[in-house]
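Structure data (mmCIF, C-alpha atoms) from input_0.cif:
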data_run
loop_
_atom_site.label_atom_id
_atom_site.label_comp_id
_atom_site.auth_asym_id
_atom_site.auth_seq_id
_atom_site.Cartn_x
_atom_site.Cartn_y
_atom_site.Cartn_z
CA MET A 24 -74.17 34.46 41.50
CA ASN A 25 -71.46 36.92 42.14
CA SER A 26 -69.23 34.29 43.48
CA ASP A 27 -69.63 32.41 40.17
CA ILE A 28 -68.46 35.52 38.30
CA ASN A 29 -65.59 35.90 40.72
CA LEU A 30 -64.63 32.35 40.28
CA ILE A 31 -64.25 32.82 36.50
CA LYS A 32 -62.17 35.93 37.04
CA GLN A 33 -60.03 34.02 39.48
CA GLU A 34 -59.38 31.33 36.82
CA VAL A 35 -58.27 33.96 34.32
CA GLY A 36 -55.99 35.42 36.96
CA ASN A 37 -54.56 32.00 37.76
CA ALA A 38 -53.87 31.29 34.10
CA SER A 39 -52.03 34.56 33.75
CA ALA A 40 -49.99 33.87 36.88
CA LYS A 41 -49.20 30.39 35.64
CA ARG A 42 -48.07 31.77 32.28
CA LEU A 43 -45.89 34.28 34.04
CA LYS A 44 -44.44 31.59 36.25
CA ILE A 45 -43.57 29.43 33.24
CA LEU A 46 -42.05 32.39 31.44
CA ARG A 47 -39.93 33.30 34.45
CA ALA A 48 -38.79 29.74 34.95
CA THR A 49 -37.92 29.38 31.26
CA SER A 50 -35.98 32.62 31.15
CA VAL A 51 -34.05 31.72 34.29
CA ALA A 52 -33.35 28.23 32.94
CA VAL A 53 -32.15 29.61 29.59
CA ALA A 54 -29.95 32.16 31.33
CA LEU A 55 -28.50 29.49 33.59
CA VAL A 56 -27.91 27.01 30.78
CA VAL A 57 -26.21 29.64 28.63
CA ALA A 58 -24.06 30.86 31.50
CA VAL A 59 -23.04 27.43 32.76
CA SER A 60 -22.37 25.95 29.31
CA SER A 61 -20.37 29.00 28.27
CA ILE A 62 -18.24 28.82 31.41
CA VAL A 63 -17.73 25.06 31.07
CA LEU A 64 -16.84 25.30 27.38
CA PHE A 65 -14.50 28.21 28.03
CA ALA A 66 -12.74 26.30 30.80
CA ALA A 67 -12.55 23.09 28.75
CA THR A 68 -11.16 24.95 25.74
CA ARG A 69 -8.44 26.54 27.83
CA GLN A 70 -7.67 23.28 29.62
CA ASN A 71 -6.81 21.33 26.40
CA SER A 72 -3.28 22.50 26.08
CA LEU A 73 -1.77 21.93 22.65
CA GLU A 74 1.47 23.40 23.83
CA GLY A 75 2.18 20.45 26.10
CA VAL A 76 1.70 17.94 23.32
CA LYS A 77 3.76 20.03 20.90
CA ALA A 78 6.56 20.31 23.42
CA GLU A 79 6.61 16.55 23.89
CA GLN A 80 6.60 16.06 20.12
CA ASN A 81 9.56 18.39 19.72
CA SER A 82 11.48 16.56 22.40
CA ILE A 83 10.95 13.19 20.68
CA LEU A 84 11.69 14.71 17.27
CA GLN A 85 15.05 15.87 18.57
CA ASN A 86 15.82 12.33 19.70
CA ILE A 87 14.69 10.88 16.37
CA THR A 88 16.84 13.37 14.48
CA LEU A 89 19.86 11.90 16.26
CA LEU A 90 18.83 8.51 14.81
CA GLY A 91 18.04 9.97 11.38
CA GLU A 92 20.44 7.73 9.45
CA LYS A 93 19.01 4.62 11.06
CA ALA A 94 15.49 5.81 10.29
CA ALA A 95 16.36 6.36 6.63
CA LYS A 96 17.95 2.90 6.38
CA LEU A 97 14.95 1.25 7.98
CA ASN A 98 12.61 3.06 5.57
CA PHE A 99 14.73 1.99 2.59
CA LEU A 100 14.83 -1.58 3.88
CA ASN A 101 11.05 -1.68 4.29
CA ASP A 102 10.64 -0.31 0.79
CA ARG A 103 13.06 -2.88 -0.68
CA VAL A 104 11.49 -5.83 1.09
CA ARG A 105 7.96 -4.74 0.20
CA ASN A 106 8.89 -4.49 -3.48
CA ILE A 107 10.88 -7.74 -3.42
CA GLU A 108 7.89 -9.59 -2.01
CA GLY A 109 5.68 -7.95 -4.63
CA ILE A 110 7.93 -9.10 -7.48
CA ILE A 111 8.32 -12.62 -6.09
CA ASN A 112 4.56 -12.95 -5.75
CA GLU A 113 3.86 -11.58 -9.20
CA ARG A 114 6.54 -13.26 -11.27
CA LYS A 115 5.52 -16.41 -12.99
CA ASN A 116 7.51 -19.50 -12.18
CA TYR A 117 6.61 -22.06 -14.79
CA ILE A 118 9.74 -24.16 -14.51
CA SER A 119 8.07 -26.73 -12.29
CA THR A 120 5.14 -27.00 -14.70
CA VAL A 121 7.42 -27.58 -17.68
CA GLY A 122 9.50 -30.00 -15.64
CA LEU A 123 6.40 -32.01 -14.75
CA VAL A 124 5.35 -32.13 -18.42
CA LEU A 125 8.80 -33.37 -19.35
CA ASP A 126 8.64 -35.97 -16.59
CA GLY A 127 5.85 -37.62 -18.55
CA MET A 128 8.08 -38.08 -21.55
CA PRO A 129 9.05 -41.68 -22.32
CA SER A 130 12.72 -42.42 -22.85
CA ASN A 131 12.30 -42.94 -26.59
CA VAL A 132 10.85 -39.45 -27.05
CA SER A 133 13.00 -36.33 -27.17
CA THR A 134 12.36 -32.61 -27.13
CA SER A 135 12.93 -30.91 -30.46
CA SER A 136 11.88 -27.43 -29.54
CA LEU A 137 10.38 -25.53 -26.66
CA THR A 138 8.96 -22.05 -26.69
CA LEU A 139 7.85 -20.46 -23.46
CA ASP A 140 6.48 -17.07 -22.66
CA LYS A 141 4.51 -15.74 -19.73
CA GLU A 142 1.26 -17.13 -21.11
CA ASN A 143 1.91 -20.11 -23.35
CA ILE A 144 4.06 -23.13 -23.87
CA LEU A 145 4.72 -24.61 -27.29
CA LEU A 146 6.48 -27.95 -27.15
CA THR A 147 7.60 -30.11 -30.02
CA VAL A 148 8.70 -33.66 -29.31
CA SER A 149 9.90 -36.28 -31.72
CA SER A 150 10.41 -39.99 -31.71
CA ASN A 151 10.80 -42.83 -34.14
CA SER A 152 8.11 -44.66 -32.21
CA LEU A 153 4.51 -43.62 -32.63
CA SER A 154 3.57 -45.44 -29.43
CA GLY A 155 6.07 -43.29 -27.54
CA ILE A 156 4.43 -40.14 -28.95
CA ASN A 157 1.05 -41.56 -28.03
CA GLU A 158 2.19 -42.30 -24.47
CA PHE A 159 3.57 -38.78 -24.06
CA LEU A 160 0.33 -37.28 -25.38
CA ASN A 161 -1.74 -39.36 -22.97
CA ASN A 162 0.52 -38.45 -20.06
CA THR A 163 0.26 -34.76 -20.93
CA ILE A 164 -3.53 -34.91 -21.18
CA GLU A 165 -3.68 -36.74 -17.85
CA PHE A 166 -1.36 -34.16 -16.31
CA THR A 167 -3.42 -31.26 -17.69
CA GLU A 168 -6.64 -32.75 -16.31
CA GLY A 169 -5.17 -33.69 -12.96
CA LYS A 170 -2.90 -30.82 -11.96
CA HIS A 171 -4.71 -27.83 -13.47
CA LEU A 172 -1.39 -26.19 -14.27
CA LEU A 173 -2.04 -26.12 -17.99
CA GLY A 174 -5.11 -25.14 -19.93
CA ASP A 175 -6.34 -25.06 -23.53
CA LEU A 176 -4.13 -27.97 -24.54
CA THR A 177 -4.17 -28.32 -28.30
CA ILE A 178 -2.27 -30.40 -30.82
CA GLU A 179 -0.70 -27.95 -33.22
CA SER A 180 0.71 -30.59 -35.54
CA LEU A 181 1.47 -34.27 -35.82
CA SER A 182 3.74 -35.24 -38.66
CA ALA A 183 5.94 -38.05 -39.85
CA GLN A 184 9.03 -37.57 -41.91
CA GLY A 185 11.52 -40.29 -42.76
CA GLY A 186 10.33 -42.51 -39.92
CA LEU A 187 10.54 -39.71 -37.38
CA TYR A 188 7.27 -38.65 -35.81
CA SER A 189 6.86 -35.12 -34.49
CA LEU A 190 4.16 -33.80 -32.21
CA THR A 191 3.67 -30.14 -31.40
CA LEU A 192 1.54 -29.27 -28.39
CA LYS A 193 0.37 -25.86 -27.36
CA ALA A 194 -1.02 -25.04 -23.93
CA LYS A 195 -1.80 -22.07 -21.77
CA LEU A 196 0.19 -21.78 -18.57
CA LEU A 197 -2.20 -21.35 -15.66
CA MET B 299 -55.99 71.14 32.81
CA ASN B 300 -56.50 71.52 29.13
CA LYS B 301 -53.71 69.14 28.60
CA LYS B 302 -54.42 66.84 25.66
CA ILE B 303 -54.07 63.20 26.13
CA SER B 304 -53.66 61.14 22.97
CA LEU B 305 -55.57 57.96 22.65
CA GLU B 306 -52.54 56.01 21.33
CA GLY B 307 -50.50 57.07 24.34
CA LEU B 308 -53.16 55.87 26.68
CA THR B 309 -53.43 52.60 24.84
CA LEU B 310 -49.69 52.08 25.00
CA LYS B 311 -49.62 53.01 28.64
CA TYR B 312 -52.45 50.62 29.32
CA LEU B 313 -50.76 47.84 27.47
CA TYR B 314 -47.45 48.57 29.22
CA GLU B 315 -49.10 48.53 32.62
CA LYS B 316 -50.95 45.35 31.79
CA ASN B 317 -47.90 43.42 30.48
CA ARG B 318 -45.15 45.01 32.53
CA ILE B 319 -44.61 41.92 34.57
CA TYR B 320 -43.77 39.93 31.43
CA LEU B 321 -41.11 42.31 30.17
CA LEU B 322 -38.27 41.28 32.48
CA PRO B 323 -38.52 37.50 31.90
CA LEU B 324 -38.93 38.10 28.16
CA GLY B 325 -35.85 40.34 28.17
CA VAL B 326 -33.85 37.72 30.04
CA LEU B 327 -35.02 35.03 27.64
CA PHE B 328 -34.12 37.14 24.64
CA ALA B 329 -30.70 38.01 26.09
CA GLY B 330 -30.11 34.32 26.84
CA ILE B 331 -30.87 33.36 23.25
CA ILE B 332 -28.64 36.11 21.90
CA LEU B 333 -25.81 35.04 24.23
CA PHE B 334 -26.29 31.42 23.21
CA LEU B 335 -25.96 32.34 19.54
CA THR B 336 -23.07 34.76 19.91
CA VAL B 337 -21.06 33.21 22.75
CA THR B 338 -21.99 29.60 23.52
CA LEU B 339 -22.18 28.33 19.94
CA PRO B 340 -18.79 29.81 18.88
CA LEU B 341 -17.28 28.40 22.09
CA LEU B 342 -18.73 25.00 21.24
CA ALA B 343 -17.27 25.17 17.72
CA GLU B 344 -13.89 26.20 19.12
CA PHE B 345 -14.03 23.38 21.65
CA ARG B 346 -14.71 20.83 18.91
CA ASN B 347 -11.94 22.24 16.72
CA ILE B 348 -9.43 22.08 19.54
CA ASN B 349 -10.53 18.55 20.37
CA ASP B 350 -10.04 17.47 16.74
CA LEU B 351 -6.66 19.17 16.64
CA MET B 352 -5.68 17.52 19.89
CA ALA B 353 -6.65 14.11 18.54
CA VAL B 354 -4.44 14.68 15.47
CA GLU B 355 -1.52 15.91 17.56
CA GLU B 356 -1.91 13.05 20.04
CA GLN B 357 -1.86 10.59 17.14
CA LYS B 358 1.26 12.26 15.78
CA LEU B 359 2.88 12.08 19.19
CA SER B 360 1.99 8.42 19.49
CA THR B 361 3.53 7.73 16.06
CA LEU B 362 6.68 9.61 17.00
CA LYS B 363 6.99 7.67 20.26
CA ASN B 364 6.51 4.41 18.38
CA ASN B 365 9.08 5.43 15.75
CA TYR B 366 11.57 6.30 18.45
CA ASN B 367 11.08 2.95 20.19
CA VAL B 368 11.45 1.07 16.90
CA LEU B 369 14.68 2.92 16.13
CA LEU B 370 16.04 2.35 19.61
CA ASN B 371 15.32 -1.37 19.39
CA THR B 372 16.87 -1.79 15.93
CA ASP B 373 20.40 -3.08 15.81
CA GLU B 374 22.37 -1.01 13.31
CA ALA B 375 24.73 -3.80 12.22
CA THR B 376 21.81 -6.16 11.50
CA LEU B 377 20.01 -3.37 9.70
CA ASP B 378 23.07 -2.70 7.49
CA SER B 379 23.39 -6.38 6.67
CA GLN B 380 19.68 -6.74 5.83
CA LEU B 381 19.75 -3.60 3.72
CA THR B 382 22.74 -4.91 1.76
CA ILE B 383 20.97 -8.20 1.06
CA ALA B 384 17.77 -6.43 0.04
CA THR B 385 19.65 -3.98 -2.17
CA ASP B 386 21.51 -6.86 -3.83
CA ALA B 387 18.15 -8.45 -4.63
CA LEU B 388 16.52 -5.25 -5.81
CA PRO B 389 19.19 -2.71 -6.71
CA PRO B 390 18.31 0.97 -6.97
CA GLY B 391 19.61 1.10 -10.55
CA LYS B 392 20.73 -1.01 -13.50
CA ASN B 393 23.57 -3.08 -12.12
CA PHE B 394 25.13 -4.75 -15.15
CA ALA B 395 27.97 -6.38 -13.23
CA SER B 396 25.72 -8.16 -10.75
CA ILE B 397 23.39 -9.25 -13.57
CA LEU B 398 26.25 -10.82 -15.53
CA THR B 399 27.53 -12.44 -12.36
CA ALA B 400 24.11 -13.91 -11.61
CA VAL B 401 23.84 -15.25 -15.17
CA SER B 402 27.33 -16.72 -15.03
CA ILE B 403 26.80 -18.41 -11.69
CA SER B 404 23.45 -19.80 -12.84
CA ALA B 405 24.96 -21.11 -16.08
CA ASN B 406 27.83 -22.74 -14.22
CA LYS B 407 25.52 -24.40 -11.72
CA ALA B 408 23.12 -25.59 -14.44
CA GLY B 409 25.88 -26.78 -16.76
CA VAL B 410 24.88 -24.70 -19.75
CA ILE B 411 27.27 -22.82 -21.99
CA LEU B 412 26.42 -19.20 -22.50
CA GLY B 413 26.80 -17.58 -25.88
CA ASP B 414 26.07 -14.07 -27.01
CA TYR B 415 24.09 -11.76 -24.84
CA GLU B 416 22.66 -8.29 -25.22
CA PHE B 417 21.08 -5.83 -22.90
CA GLN B 418 17.99 -4.00 -24.10
CA VAL B 419 18.65 -0.81 -22.21
CA GLY B 420 15.88 1.18 -23.88
CA ASP B 421 15.68 4.90 -24.49
CA LEU B 422 18.06 6.46 -21.99
CA SER B 423 16.68 9.95 -22.58
CA LYS B 424 13.33 8.87 -21.13
CA GLY B 425 14.80 8.10 -17.71
CA ILE B 426 13.33 5.44 -15.46
CA PRO B 427 10.12 4.01 -16.92
CA SER B 428 7.05 4.76 -14.87
CA VAL B 429 6.09 1.16 -14.24
CA LYS B 430 5.60 -0.54 -10.91
CA TYR B 431 8.78 -2.57 -11.20
CA PRO B 432 11.28 -1.26 -13.77
CA SER B 433 13.50 -3.91 -15.32
CA LEU B 434 16.45 -4.37 -17.60
CA GLU B 435 15.99 -6.90 -20.34
CA LEU B 436 18.79 -9.31 -21.16
CA VAL B 437 18.59 -11.59 -24.15
CA LEU B 438 21.12 -14.40 -24.08
CA THR B 439 21.85 -17.56 -25.95
CA ALA B 440 22.69 -20.75 -24.15
CA SER B 441 23.63 -24.22 -25.24
CA GLY B 442 22.44 -27.25 -23.38
CA GLY B 443 19.68 -29.80 -23.15
CA VAL B 444 16.17 -28.91 -22.17
CA ARG B 445 16.72 -30.08 -18.59
CA SER B 446 19.87 -27.98 -18.34
CA ILE B 447 18.05 -24.94 -19.65
CA LEU B 448 15.23 -25.45 -17.17
CA ASN B 449 17.80 -25.82 -14.43
CA PHE B 450 19.47 -22.63 -15.64
CA ILE B 451 16.15 -20.80 -15.46
CA SER B 452 15.58 -22.19 -11.99
CA GLN B 453 19.03 -20.96 -10.93
CA VAL B 454 18.33 -17.50 -12.37
CA TYR B 455 15.13 -17.41 -10.30
CA SER B 456 17.22 -18.13 -7.23
CA SER B 457 19.76 -15.41 -7.92
CA VAL B 458 20.14 -11.77 -7.10
CA PRO B 459 19.20 -9.37 -8.60
CA LEU B 460 15.60 -10.53 -8.89
CA ALA B 461 14.81 -11.79 -12.36
CA GLU B 462 11.93 -13.13 -14.35
CA ILE B 463 12.23 -15.25 -17.46
CA ILE B 464 9.82 -13.79 -19.98
CA ASN B 465 10.65 -15.86 -23.02
CA VAL B 466 12.49 -19.04 -23.90
CA GLU B 467 12.95 -20.29 -27.42
CA MET B 468 14.76 -23.58 -27.53
CA ASN B 469 15.58 -25.41 -30.68
CA ASN B 470 17.58 -28.60 -30.44
CA ASN B 471 20.37 -27.65 -28.06
CA ARG B 472 20.40 -23.92 -28.60
CA SER B 473 18.19 -21.60 -26.59
CA VAL B 474 17.47 -17.91 -26.64
CA VAL B 475 16.40 -16.80 -23.20
CA THR B 476 14.96 -13.37 -22.43
CA VAL B 477 15.31 -12.35 -18.81
CA ASN B 478 14.06 -9.24 -17.06
CA PHE B 479 16.26 -8.12 -14.19
CA TYR B 480 14.39 -5.88 -11.81
CA TYR B 481 15.58 -2.71 -10.15
CA LYS B 482 13.83 0.08 -8.34
CA PRO B 483 15.10 3.52 -7.39
CA LEU B 484 15.16 4.27 -3.71
CA PRO B 485 12.16 6.27 -2.50
CA GLY B 486 12.48 9.76 -1.08
CA THR B 487 12.87 10.10 2.65
CA PRO B 488 9.40 10.14 4.19
CA PRO B 489 8.37 12.78 6.74
CA VAL B 490 9.56 12.09 10.27
CA SER B 491 5.98 11.84 11.48
CA SER B 492 5.16 8.96 9.13
CA PRO B 493 5.18 5.59 10.90
CA ILE B 494 8.36 3.49 10.82
CA GLN B 495 7.67 -0.22 10.96
CA PRO B 496 10.14 -2.88 12.00
CA LEU B 497 10.46 -5.85 9.64
CA SER B 498 7.69 -8.38 10.10
CA SER B 499 8.42 -12.08 10.49
CA GLN B 500 7.41 -12.56 6.86
CA ASN B 501 9.84 -9.84 5.79
CA LEU B 502 12.61 -11.53 7.77
CA SER B 503 11.75 -14.84 6.18
CA THR B 504 12.05 -13.21 2.74
CA ILE B 505 15.46 -11.78 3.67
CA ASN B 506 16.61 -15.18 4.92
CA THR B 507 15.41 -16.84 1.71
CA ILE B 508 17.28 -14.33 -0.43
CA LEU B 509 20.37 -14.94 1.66
CA THR B 510 20.43 -18.54 0.40
CA TRP B 511 20.25 -17.46 -3.26
CA ASN B 512 23.13 -17.13 -5.72
CA ASN B 513 24.88 -13.89 -4.95
CA GLY B 514 28.10 -12.95 -6.72
CA ARG B 515 29.13 -10.60 -3.95
CA LEU B 516 28.82 -13.31 -1.31
CA GLU B 517 30.27 -16.04 -3.47
CA GLY B 518 33.43 -14.07 -4.13
CA ASP B 519 34.86 -13.87 -7.58
CA ILE B 520 32.80 -12.69 -10.46
CA ILE B 521 32.75 -15.42 -13.07
CA PRO B 522 33.16 -13.97 -16.54
CA VAL B 523 30.55 -14.73 -19.15
CA VAL B 524 31.88 -16.93 -21.91
CA SER B 525 31.41 -14.77 -24.97
CA SER B 526 31.68 -11.09 -25.52
CA PRO B 527 28.43 -9.19 -25.87
CA SER B 528 26.97 -8.49 -29.25
CA ALA B 529 26.14 -4.92 -30.10
CA ALA B 530 22.86 -3.98 -28.52
CA THR B 531 20.84 -1.60 -30.63
CA THR B 532 20.32 0.92 -27.88
CA SER B 533 23.10 -0.03 -25.53
CA PRO B 534 25.53 2.75 -24.69
CA PHE B 535 28.24 0.22 -23.82
#
Written as structure tokens, how would this file's structure read?
Amino acid sequence: MNSDINLIKQEVGNASAKRLKILRATSVAVALVVAVSSIVLFAATRQNSLEGVKAEQNSILQNITLLGEKAAKLNFLNDRVRNIEGIINERKNYISTVGLVLDGMPSNVSTSSLTLDKENILLTVSSNSLSGINEFLNNTIEFTEGKHLLGDLTIESLSAQGGLYSLTLKAKLL
Amino acid sequence: MNKKISLEGLTLKYLYEKNRIYLLPLGVLFAGIILFLTVTLPLLAEFRNINDLMAVEEQKLSTLKNNYNVLLNTDEATLDSQLTIATDALPPGKNFASILTAVSISANKAGVILGDYEFQVGDLSKGIPSVKYPSLELVLTASGGVRSILNFISQVYSSVPLAEIINVEMNNNRSVVTVNFYYKPLPGTPPVSSPIQPLSSQNLSTINTILTWNNGRLEGDIIPVVSSPSAATTSPF
């Protein structure tokens, strides 16, 4: 019976020893980790030398300073070309569109007036032949439908005065 | 022998004796945690800061090296020539002479006769307008058929300085054409550490295209405009 009691006591003693062992191991591990990581970080921090990079930068800067005029010119050139390309891409070139509309004009029809802005075209043509006006109108409608360069094509007026027919067309430049 | 022993003292002594073996590892553990918080963590923060700083400085160094190589490989005579062409196309200021030359050359090539013209200079006291692409507006009258006027516009589009036709009003053979001629002040000199790029192939193509355009400076004499200018409302000239 006594041995049973002793056995229980032994278990309690073992648990305590185990706890102590774990505590010791943990404390040693923590101390080691802290010490090693601190040393490594300290060494790594000191090893990354900014001075070397700065010195190299200064050396190159001195060389670039000697080419300062060329650098300024190249910067100006880049700025000019960038802006030139921007303007060329943004500016509206509707000459070809108007030219194509005029290409559809029969020989017996002439342009009386033309108003162009960045958005719209207003074109008045006249002829003493109504069939010529009709042909031009059909050509323009066909062109508008086919090329998609004009939109919102409307007839502003169609009049006849003294045997001269006039047609005014308005369209949006696309 | 009558010495008094306090109960609390005995209890503490008992507890000390019982747990003495734990005190050293607990002390080491505690010291380790304190050292971690006061030494290791600040070192880690410093390490990360230095690493970030190094990355920035390395990038700067790389940019400087690249800039230096670009400058070394750029031929100065070619650069001067390209800059002249680009500045002709987009002058840093209002260049009236080159505008009139461009208009004259375009009119001559298109076969239209120029009439009155006026520059809309705008309010000079306001300085350069804060728009993306400042421009100088020129309103001119021209005589010629519709095809000639279209050809004139086409010629103006292929002239330096860069222009954009913003309005055309043609009635019979007389047209009033409003043209915007673009200019742009030169930018300030950027910091040395900002990247310098050589011209791309597209940029070179643009320069080569402009080189084929009407340019009064390249074509020699400035052709005078037919009529004298009418009084512009805000023109100082």
Tell me as JSON, numbers by chain which residues belonging to chain B come within 6 Å of chain A, counting all atoms listed in the file. {"B": [323, 326, 327, 330, 334, 338, 345, 359, 366, 381, 384, 464, 465, 466, 467, 468, 469, 470]}
Quick check on the file I pasted: which residues fall under the PyMOL selection byres ((chain A and resi 156) around 9)? Write them as a PyMOL selection string. chain A and resi 128-129+131-132+148-155+157-161+188-190
Mind checking which residues fall within 8 Å of range 433-440 of chain B, counting all atoms listed in the file, ignoring those fewer than 3 positions away in the same chain, and posting them as a ChimeraX atom specification? /B:392,410-419,447,472-481
Filled-in N, CA and C atoms of range 401-413 of chain B, supplied as a PDB file, in the coordinates of the input:
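Ended up saving to result-v7.pdb:
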ATOM      1  N   VAL B 401      24.003 -14.385 -13.988  1.00  0.00           N
ATOM      2  CA  VAL B 401      23.840 -15.250 -15.170  1.00  0.00           C
ATOM      3  C   VAL B 401      24.964 -16.269 -15.226  1.00  0.00           C
ATOM      4  N   SER B 402      26.173 -15.819 -14.970  1.00  0.00           N
ATOM      5  CA  SER B 402      27.330 -16.720 -15.030  1.00  0.00           C
ATOM      6  C   SER B 402      27.245 -17.822 -13.979  1.00  0.00           C
ATOM      7  N   ILE B 403      26.904 -17.421 -12.762  1.00  0.00           N
ATOM      8  CA  ILE B 403      26.800 -18.410 -11.690  1.00  0.00           C
ATOM      9  C   ILE B 403      25.695 -19.422 -12.017  1.00  0.00           C
ATOM     10  N   SER B 404      24.575 -18.911 -12.507  1.00  0.00           N
ATOM     11  CA  SER B 404      23.450 -19.800 -12.840  1.00  0.00           C
ATOM     12  C   SER B 404      23.846 -20.770 -13.951  1.00  0.00           C
ATOM     13  N   ALA B 405      24.540 -20.250 -14.965  1.00  0.00           N
ATOM     14  CA  ALA B 405      24.960 -21.110 -16.080  1.00  0.00           C
ATOM     15  C   ALA B 405      25.918 -22.186 -15.599  1.00  0.00           C
ATOM     16  N   ASN B 406      26.854 -21.781 -14.753  1.00  0.00           N
ATOM     17  CA  ASN B 406      27.830 -22.740 -14.220  1.00  0.00           C
ATOM     18  C   ASN B 406      27.137 -23.840 -13.426  1.00  0.00           C
ATOM     19  N   LYS B 407      26.205 -23.423 -12.564  1.00  0.00           N
ATOM     20  CA  LYS B 407      25.520 -24.400 -11.720  1.00  0.00           C
ATOM     21  C   LYS B 407      24.613 -25.320 -12.533  1.00  0.00           C
ATOM     22  N   ALA B 408      24.041 -24.774 -13.644  1.00  0.00           N
ATOM     23  CA  ALA B 408      23.120 -25.590 -14.440  1.00  0.00           C
ATOM     24  C   ALA B 408      23.845 -26.388 -15.515  1.00  0.00           C
ATOM     25  N   GLY B 409      25.098 -26.055 -15.755  1.00  0.00           N
ATOM     26  CA  GLY B 409      25.880 -26.780 -16.760  1.00  0.00           C
ATOM     27  C   GLY B 409      25.510 -26.405 -18.183  1.00  0.00           C
ATOM     28  N   VAL B 410      25.133 -25.145 -18.383  1.00  0.00           N
ATOM     29  CA  VAL B 410      24.880 -24.700 -19.750  1.00  0.00           C
ATOM     30  C   VAL B 410      26.004 -23.756 -20.173  1.00  0.00           C
ATOM     31  N   ILE B 411      26.213 -23.694 -21.466  1.00  0.00           N
ATOM     32  CA  ILE B 411      27.270 -22.820 -21.990  1.00  0.00           C
ATOM     33  C   ILE B 411      26.594 -21.571 -22.559  1.00  0.00           C
ATOM     34  N   LEU B 412      27.040 -20.451 -22.049  1.00  0.00           N
ATOM     35  CA  LEU B 412      26.420 -19.200 -22.500  1.00  0.00           C
ATOM     36  C   LEU B 412      27.079 -18.721 -23.780  1.00  0.00           C
ATOM     37  N   GLY B 413      26.266 -18.153 -24.659  1.00  0.00           N
ATOM     38  CA  GLY B 413      26.800 -17.580 -25.880  1.00  0.00           C
ATOM     39  C   GLY B 413      26.688 -16.078 -25.845  1.00  0.00           C
TER      40      GLY B 413
END
